[in-house]
file data.cif (mmCIF, N, CA and C atoms)
data_model
#
loop_
_atom_site.label_atom_id
_atom_site.label_comp_id
_atom_site.auth_asym_id
_atom_site.auth_seq_id
_atom_site.Cartn_x
_atom_site.Cartn_y
_atom_site.Cartn_z
N MET A 1 -33.39 -97.99 10.68
CA MET A 1 -34.73 -97.63 10.28
C MET A 1 -35.72 -98.61 10.89
N ASP A 2 -36.82 -98.10 11.30
CA ASP A 2 -37.85 -98.93 11.91
C ASP A 2 -38.83 -99.36 10.82
N TYR A 3 -38.74 -100.61 10.43
CA TYR A 3 -39.60 -101.11 9.36
C TYR A 3 -41.05 -101.25 9.80
N ARG A 4 -41.28 -101.32 11.12
CA ARG A 4 -42.65 -101.49 11.61
C ARG A 4 -43.53 -100.30 11.26
N SER A 5 -42.94 -99.10 11.22
CA SER A 5 -43.75 -97.93 10.85
C SER A 5 -44.17 -98.00 9.39
N TYR A 6 -43.30 -98.56 8.52
CA TYR A 6 -43.66 -98.73 7.12
C TYR A 6 -44.80 -99.74 6.97
N ILE A 7 -44.71 -100.80 7.74
CA ILE A 7 -45.76 -101.83 7.67
C ILE A 7 -47.09 -101.26 8.18
N THR A 8 -47.03 -100.48 9.24
CA THR A 8 -48.25 -99.86 9.78
C THR A 8 -48.88 -98.93 8.75
N TYR A 9 -48.04 -98.12 8.10
CA TYR A 9 -48.55 -97.21 7.07
C TYR A 9 -49.15 -97.98 5.90
N ALA A 10 -48.47 -99.04 5.46
CA ALA A 10 -48.96 -99.83 4.34
C ALA A 10 -50.31 -100.48 4.68
N ARG A 11 -50.44 -101.00 5.90
CA ARG A 11 -51.70 -101.62 6.30
C ARG A 11 -52.82 -100.59 6.36
N ALA A 12 -52.54 -99.40 6.89
CA ALA A 12 -53.56 -98.35 6.97
C ALA A 12 -53.98 -97.90 5.57
N SER A 13 -52.99 -97.74 4.69
CA SER A 13 -53.29 -97.31 3.32
C SER A 13 -54.10 -98.37 2.58
N LEU A 14 -53.70 -99.61 2.74
CA LEU A 14 -54.42 -100.70 2.09
C LEU A 14 -55.85 -100.80 2.63
N GLY A 15 -56.00 -100.61 3.94
CA GLY A 15 -57.33 -100.65 4.53
C GLY A 15 -58.24 -99.56 3.99
N THR A 16 -57.67 -98.36 3.82
CA THR A 16 -58.44 -97.25 3.26
C THR A 16 -58.88 -97.55 1.83
N HIS A 17 -57.96 -98.07 1.03
CA HIS A 17 -58.32 -98.39 -0.36
C HIS A 17 -59.35 -99.52 -0.44
N MET A 18 -59.21 -100.49 0.43
CA MET A 18 -60.19 -101.58 0.44
C MET A 18 -61.57 -101.07 0.83
N ALA A 19 -61.64 -100.15 1.78
CA ALA A 19 -62.93 -99.58 2.18
C ALA A 19 -63.56 -98.81 1.02
N ARG A 20 -62.73 -98.06 0.30
CA ARG A 20 -63.25 -97.33 -0.88
C ARG A 20 -63.75 -98.30 -1.94
N LEU A 21 -63.02 -99.40 -2.15
CA LEU A 21 -63.42 -100.38 -3.15
C LEU A 21 -64.74 -101.04 -2.76
N ARG A 22 -64.88 -101.40 -1.49
CA ARG A 22 -66.13 -102.00 -1.03
C ARG A 22 -67.31 -101.04 -1.22
N ALA A 23 -67.09 -99.76 -0.90
CA ALA A 23 -68.16 -98.77 -1.06
C ALA A 23 -68.52 -98.59 -2.53
N ALA A 24 -67.51 -98.60 -3.40
CA ALA A 24 -67.78 -98.43 -4.83
C ALA A 24 -68.55 -99.62 -5.38
N VAL A 25 -68.20 -100.83 -4.95
CA VAL A 25 -68.91 -102.02 -5.41
C VAL A 25 -70.34 -102.01 -4.88
N ARG A 26 -70.52 -101.64 -3.62
CA ARG A 26 -71.85 -101.59 -3.00
C ARG A 26 -72.75 -100.58 -3.70
N ASP A 27 -72.17 -99.42 -4.09
CA ASP A 27 -72.96 -98.36 -4.72
C ASP A 27 -73.12 -98.54 -6.22
N GLY A 28 -72.49 -99.55 -6.80
CA GLY A 28 -72.61 -99.79 -8.24
C GLY A 28 -71.74 -98.89 -9.09
N ASP A 29 -70.71 -98.31 -8.50
CA ASP A 29 -69.81 -97.44 -9.26
C ASP A 29 -68.90 -98.30 -10.12
N ARG A 30 -68.86 -97.99 -11.40
CA ARG A 30 -68.06 -98.78 -12.33
C ARG A 30 -66.79 -98.06 -12.79
N GLY A 31 -66.47 -96.91 -12.24
CA GLY A 31 -65.23 -96.21 -12.61
C GLY A 31 -65.50 -95.06 -13.56
N ALA A 32 -64.44 -94.62 -14.19
CA ALA A 32 -64.53 -93.46 -15.08
C ALA A 32 -65.30 -93.80 -16.34
N SER A 33 -66.03 -92.82 -16.84
CA SER A 33 -66.77 -93.02 -18.07
C SER A 33 -65.87 -92.77 -19.28
N ALA A 34 -66.37 -93.10 -20.44
CA ALA A 34 -65.59 -92.92 -21.66
C ALA A 34 -65.31 -91.44 -21.93
N VAL A 35 -66.26 -90.58 -21.59
CA VAL A 35 -66.07 -89.14 -21.81
C VAL A 35 -64.95 -88.62 -20.91
N GLU A 36 -64.94 -89.05 -19.65
CA GLU A 36 -63.87 -88.63 -18.75
C GLU A 36 -62.51 -89.10 -19.25
N LEU A 37 -62.45 -90.35 -19.70
CA LEU A 37 -61.19 -90.87 -20.23
C LEU A 37 -60.76 -90.13 -21.49
N ALA A 38 -61.72 -89.71 -22.32
CA ALA A 38 -61.38 -88.95 -23.52
C ALA A 38 -60.79 -87.59 -23.15
N PHE A 39 -61.36 -86.92 -22.14
CA PHE A 39 -60.81 -85.64 -21.71
C PHE A 39 -59.42 -85.80 -21.10
N ILE A 40 -59.24 -86.85 -20.33
CA ILE A 40 -57.92 -87.10 -19.74
C ILE A 40 -56.90 -87.36 -20.84
N THR A 41 -57.26 -88.16 -21.83
CA THR A 41 -56.36 -88.46 -22.94
C THR A 41 -56.03 -87.20 -23.73
N ALA A 42 -57.03 -86.37 -23.99
CA ALA A 42 -56.79 -85.12 -24.72
C ALA A 42 -55.85 -84.21 -23.93
N GLY A 43 -56.03 -84.14 -22.62
CA GLY A 43 -55.15 -83.33 -21.79
C GLY A 43 -53.72 -83.83 -21.83
N LEU A 44 -53.53 -85.15 -21.78
CA LEU A 44 -52.19 -85.71 -21.87
C LEU A 44 -51.55 -85.44 -23.23
N LEU A 45 -52.36 -85.48 -24.28
CA LEU A 45 -51.83 -85.16 -25.61
C LEU A 45 -51.39 -83.70 -25.71
N VAL A 46 -52.14 -82.81 -25.10
CA VAL A 46 -51.76 -81.39 -25.10
C VAL A 46 -50.45 -81.20 -24.36
N VAL A 47 -50.32 -81.85 -23.21
CA VAL A 47 -49.07 -81.74 -22.43
C VAL A 47 -47.90 -82.29 -23.24
N ALA A 48 -48.09 -83.43 -23.89
CA ALA A 48 -47.03 -84.02 -24.71
C ALA A 48 -46.66 -83.10 -25.86
N GLY A 49 -47.65 -82.47 -26.48
CA GLY A 49 -47.37 -81.53 -27.58
C GLY A 49 -46.59 -80.31 -27.11
N VAL A 50 -46.91 -79.79 -25.95
CA VAL A 50 -46.18 -78.64 -25.41
C VAL A 50 -44.74 -79.02 -25.12
N ILE A 51 -44.54 -80.20 -24.55
CA ILE A 51 -43.18 -80.65 -24.26
C ILE A 51 -42.41 -80.85 -25.57
N TYR A 52 -43.04 -81.44 -26.58
CA TYR A 52 -42.39 -81.63 -27.87
C TYR A 52 -41.99 -80.30 -28.48
N LEU A 53 -42.89 -79.32 -28.47
CA LEU A 53 -42.56 -78.02 -29.05
C LEU A 53 -41.43 -77.33 -28.30
N ALA A 54 -41.40 -77.46 -27.00
CA ALA A 54 -40.32 -76.85 -26.21
C ALA A 54 -38.98 -77.48 -26.56
N ILE A 55 -38.95 -78.80 -26.66
CA ILE A 55 -37.69 -79.47 -27.01
C ILE A 55 -37.29 -79.15 -28.43
N HIS A 56 -38.24 -79.16 -29.35
CA HIS A 56 -37.94 -78.86 -30.76
C HIS A 56 -37.39 -77.44 -30.92
N THR A 57 -38.00 -76.47 -30.25
CA THR A 57 -37.54 -75.09 -30.33
C THR A 57 -36.15 -74.95 -29.73
N PHE A 58 -35.90 -75.60 -28.61
CA PHE A 58 -34.58 -75.53 -27.97
C PHE A 58 -33.52 -76.11 -28.89
N VAL A 59 -33.79 -77.28 -29.47
CA VAL A 59 -32.81 -77.94 -30.34
C VAL A 59 -32.57 -77.09 -31.57
N LYS A 60 -33.61 -76.52 -32.15
CA LYS A 60 -33.46 -75.70 -33.35
C LYS A 60 -32.62 -74.46 -33.05
N ASN A 61 -32.88 -73.79 -31.92
CA ASN A 61 -32.11 -72.60 -31.57
C ASN A 61 -30.66 -72.93 -31.26
N GLU A 62 -30.43 -74.03 -30.57
CA GLU A 62 -29.06 -74.40 -30.20
C GLU A 62 -28.28 -74.94 -31.39
N SER A 63 -28.96 -75.53 -32.36
CA SER A 63 -28.24 -76.07 -33.52
C SER A 63 -27.67 -74.95 -34.37
N ASN A 64 -28.24 -73.76 -34.30
CA ASN A 64 -27.69 -72.64 -35.06
C ASN A 64 -26.38 -72.14 -34.45
N SER A 65 -26.14 -72.43 -33.18
CA SER A 65 -24.91 -71.94 -32.55
C SER A 65 -23.77 -72.94 -32.61
N ILE A 66 -23.98 -74.10 -33.22
CA ILE A 66 -22.92 -75.10 -33.32
C ILE A 66 -21.96 -74.68 -34.43
N THR A 67 -20.67 -74.64 -34.10
CA THR A 67 -19.66 -74.32 -35.10
C THR A 67 -18.84 -75.56 -35.39
N SER A 68 -18.40 -75.67 -36.60
CA SER A 68 -17.62 -76.82 -37.02
C SER A 68 -16.17 -76.38 -37.22
N ASN A 69 -15.24 -77.12 -36.63
CA ASN A 69 -13.82 -76.81 -36.78
C ASN A 69 -13.18 -77.59 -37.89
N THR A 70 -13.92 -78.40 -38.57
CA THR A 70 -13.36 -79.18 -39.66
C THR A 70 -13.60 -78.44 -40.96
N GLY A 71 -12.55 -78.08 -41.59
CA GLY A 71 -12.64 -77.39 -42.88
C GLY A 71 -12.30 -78.36 -43.99
N PRO A 72 -12.12 -77.84 -45.18
CA PRO A 72 -11.73 -78.71 -46.29
C PRO A 72 -10.32 -79.24 -46.08
N ALA A 73 -10.07 -80.46 -46.58
CA ALA A 73 -8.74 -81.06 -46.44
C ALA A 73 -7.75 -80.30 -47.30
N THR A 74 -6.68 -79.77 -46.67
CA THR A 74 -5.67 -78.97 -47.41
C THR A 74 -4.37 -79.71 -47.59
N GLY A 75 -4.17 -80.83 -46.90
CA GLY A 75 -2.97 -81.65 -47.12
C GLY A 75 -1.75 -81.17 -46.36
N GLY A 76 -1.80 -80.13 -45.57
CA GLY A 76 -0.62 -79.67 -44.85
C GLY A 76 -0.40 -80.49 -43.59
N GLY A 77 0.54 -80.09 -42.79
CA GLY A 77 0.71 -80.73 -41.50
C GLY A 77 2.05 -81.38 -41.28
N GLY A 78 2.91 -81.54 -42.26
CA GLY A 78 4.25 -82.00 -41.99
C GLY A 78 4.49 -83.48 -42.14
N GLY A 79 3.51 -84.29 -42.25
CA GLY A 79 3.73 -85.72 -42.49
C GLY A 79 3.99 -86.49 -41.22
N GLY A 80 4.43 -87.75 -41.40
CA GLY A 80 4.62 -88.67 -40.29
C GLY A 80 5.95 -88.52 -39.58
N ALA A 81 6.89 -87.76 -40.07
CA ALA A 81 8.21 -87.63 -39.44
C ALA A 81 8.21 -86.53 -38.42
N GLY A 82 7.09 -86.04 -38.04
CA GLY A 82 7.05 -85.01 -37.04
C GLY A 82 7.44 -83.64 -37.56
N GLY A 83 7.45 -83.48 -38.86
CA GLY A 83 7.77 -82.18 -39.45
C GLY A 83 9.26 -81.92 -39.61
N ALA A 84 10.09 -82.97 -39.41
CA ALA A 84 11.54 -82.77 -39.55
C ALA A 84 11.90 -82.65 -41.02
N GLY A 85 12.68 -81.68 -41.32
CA GLY A 85 13.06 -81.45 -42.71
C GLY A 85 14.28 -82.27 -43.09
N ALA A 86 14.71 -82.12 -44.30
CA ALA A 86 15.91 -82.83 -44.79
C ALA A 86 17.15 -82.21 -44.16
N PRO A 87 18.21 -83.05 -43.90
CA PRO A 87 19.43 -82.49 -43.29
C PRO A 87 20.23 -81.59 -44.17
#
call {"tool": "encode", "arguments": {"input": "data.cif", "output": "structure tokens"}}
result
Amino acid sequence: MDYRSYITYARASLGTHMARLRAAVRDGDRGASAVELAFITAGLLVVAGVIYLAIHTFVKNESNSITSNTGPATGGGGGGAGGAGAP
């Protein structure tokens, strides 16, 4: 792999971000406002709620199909001698 291409890409990307930062500082841009952050947070909460409901519904539906093979203890089975009877 040619690492020089990665370094070239990183330098170009960093240069672009630095130019944007300089322009934002020059223009007095202070970033996202509180209202924008509130909308972003509300959107993330909605996405999290949808994911929660999907998982909850899946688990609830699948839990109804689980069968248990353990019944009440009946005491049978032949004991420790492998089920060999008396001679």
call {"tool": "atom_distance", "arguments": {"input": "data.cif", "atom1": "CA of Arg11 in chain A", "atom2": "CA of Arg26 in chain A"}}
result
22.2 Å
call {"tool": "atom_distance", "arguments": {"input": "data.cif", "atom1": "CA of Ser33 in chain A", "atom2": "CA of Leu21 in chain A"}}
result
17.0 Å
call {"tool": "select_by_dssp", "arguments": {"input": "data.cif", "residues": "range 11-44 of chain A", "states": "alpha helix (DSSP H)", "output": "PyMOL selection string"}}
result
chain A and resi 11-27+34-44
call {"tool": "atom_distance", "arguments": {"input": "data.cif", "atom1": "atom C of Val35 in chain A", "atom2": "CA of Met18 in chain A"}}
result
25.4 Å
call {"tool": "axis_aligned_box", "arguments": {"input": "data.cif", "around": "range 59-70 of chain A", "padding_each_side": "6 Å", "output": "lines of an AutoDock Vina configuration file"}}
result
center_x = -23.5
center_y = -75.6
center_z = -35.2
size_x = 32.6
size_y = 19.2
size_z = 23.5
